[in-house]
Amino acid sequence: RNGDVVIMSSYAPLLAKEGNTQWNPNLIYFNNTEVKPTVGYFVQQLYGQNSGDVYLKNEVNIPNNNESVRNRVAVSAVRDSKSNDLIVKMVNLLPVVVNSQIRLEGIDDINPSAIRTVLTGAPDDKNAKPVTDKFLVSKEFRCSLPAYSFTVIRIKPDYIPAVANSELLKKQNVYFKSEEKKIYLPIKRGTNISRFDPEFKGLSGIMVSPTGSQNFSKGPVNYTFKAEGKEKEIYQV
């Protein structure tokens, strides 16, 4: 939930040798020949790999007024500004399947082929591991959450022509809006926008122009992105 402001976290106890523990559970067990990650390890791993750095407002509507039921279903939506991926995380701690319907509002140009990872098992299961598959999404789609499960859906944007590498950019909220042909670049305080170079690097052989420092003090600057064999596209930055 707080991936936009929490950069690192710690877990204790982290390591324990089998037969020499003082409490239970630990995150990773080992003996003289094996290392045995626990289910808790895979939960932490999924959160760490899908933390994102931009928190997106979301609402959860559960047609059940029982507080003990409502408290056992949780949702988080974040964006990873480096990849521009949208990451939806859902937890179901109920002993039954939850059939959810997800509506993505204000999200443009999503790739319908998403990556879904599900970790599920009985509460005392010590061998559950995450399973990843491809999952079709749209601006409104359904997703079944198994009993006692943690589900991560990673949705890629339909198209990103380039990445901006300038050290003068904030690492959060870099945003490509393909439908509107606009790119939003949040800059650090004190940056001279009359001579600013976003340092665009085209992806998959895409050529970018202009290059070098540009004058943004008078308004947006038009950038052209051209892939071989395709029409050029002009974005306002």
# chains A, B, ... in the order shown; residues from 1 in each chain; ligands from 1

$ select_by_dssp --residues "segment 27-161 of chain A" --states "strand (DSSP E or B)" --output "ChimeraX atom specification"
/A:28-30,35-37,54-56,73-80,85-92,98-103,110,113-120,131-136,140-145,149-155,157

$ residues_around --residues "Ser209 of chain A" --least-positions-apart "4" --cutoff "9 Å" --atoms "only C-alpha atoms" --output "ChimeraX atom specification"
/A:200,222-226

$ atom_distance --atom1 "atom CA of Ala77 of chain A" --atom2 "atom CA of Arg116 of chain A"
14.0 Å

$ residues_around --residues "Lys17 of chain A" --least-positions-apart "5" --cutoff "9 Å" --atoms "only C-alpha atoms" --output "ChimeraX atom specification"
/A:28-32

$ select_by_dssp --residues "segment 53-126 of chain A" --states "helix (DSSP H, G or I)" --output "ChimeraX atom specification"
/A:67-70

$ write_last_selection --atoms "N, CA, C and O atoms" --output "short mmCIF file (atom, residue, chain, number, x, y, z; two decimals), in the first residue's frame"
data_model
loop_
_atom_site.label_atom_id
_atom_site.label_comp_id
_atom_site.auth_asym_id
_atom_site.auth_seq_id
_atom_site.Cartn_x
_atom_site.Cartn_y
_atom_site.Cartn_z
N GLU A 67 -18.53 -7.21 9.30
CA GLU A 67 -17.21 -6.61 9.40
C GLU A 67 -16.09 -7.64 9.31
O GLU A 67 -15.03 -7.38 8.74
N SER A 68 -16.32 -8.83 9.88
CA SER A 68 -15.29 -9.87 9.84
C SER A 68 -15.05 -10.37 8.43
O SER A 68 -13.95 -10.83 8.10
N VAL A 69 -16.07 -10.27 7.57
CA VAL A 69 -15.92 -10.63 6.16
C VAL A 69 -15.20 -9.52 5.41
O VAL A 69 -14.25 -9.74 4.66
N ARG A 70 -15.63 -8.29 5.62
CA ARG A 70 -15.07 -7.14 4.90
C ARG A 70 -13.58 -6.94 5.19
O ARG A 70 -12.82 -6.50 4.33
#

$ residues_around --residues "Val174 of chain A" --least-positions-apart "2" --cutoff "9 Å" --atoms "only C-alpha atoms" --output "ChimeraX atom specification"
/A:81-82,84,164,169-172,176,183-186

$ closest_residue --among "A:Ile234, A:Ile206, A:Val78, A:Val39" --to "Glu180 of chain A" --atoms "only C-alpha atoms"
A:Ile234

$ residues_around --residues "Asp85 of chain A" --least-positions-apart "4" --cutoff "8 Å" --atoms "only C-alpha atoms" --output "ChimeraX atom specification"
/A:79-81,154-157

$ closest_atom_pairs --of "segment 105-125 of chain A" --to "segment 88-99 of chain A" --cutoff "10 Å" --atoms "only C-alpha atoms" --output "CSV"
residue,atom,partner,partner_atom,distance
A:Arg116,CA,A:Val88,CA,9.5
A:Thr117,CA,A:Lys89,CA,9.6
A:Val118,CA,A:Met90,CA,9.6
A:Leu119,CA,A:Val91,CA,9.7
A:Thr120,CA,A:Asn92,CA,9.3
A:Ala122,CA,A:Pro95,CA,8.6
A:Pro123,CA,A:Leu93,CA,9.1

$ residues_around --residues "Lys139 of chain A" --least-positions-apart "3" --cutoff "10 Å" --atoms "only C-alpha atoms" --output "list in words"
Ile102, Arg103, Leu104, Glu105, Gly106, Ile107, Asp108, Asp109, Ile110 and Pro112 of chain A
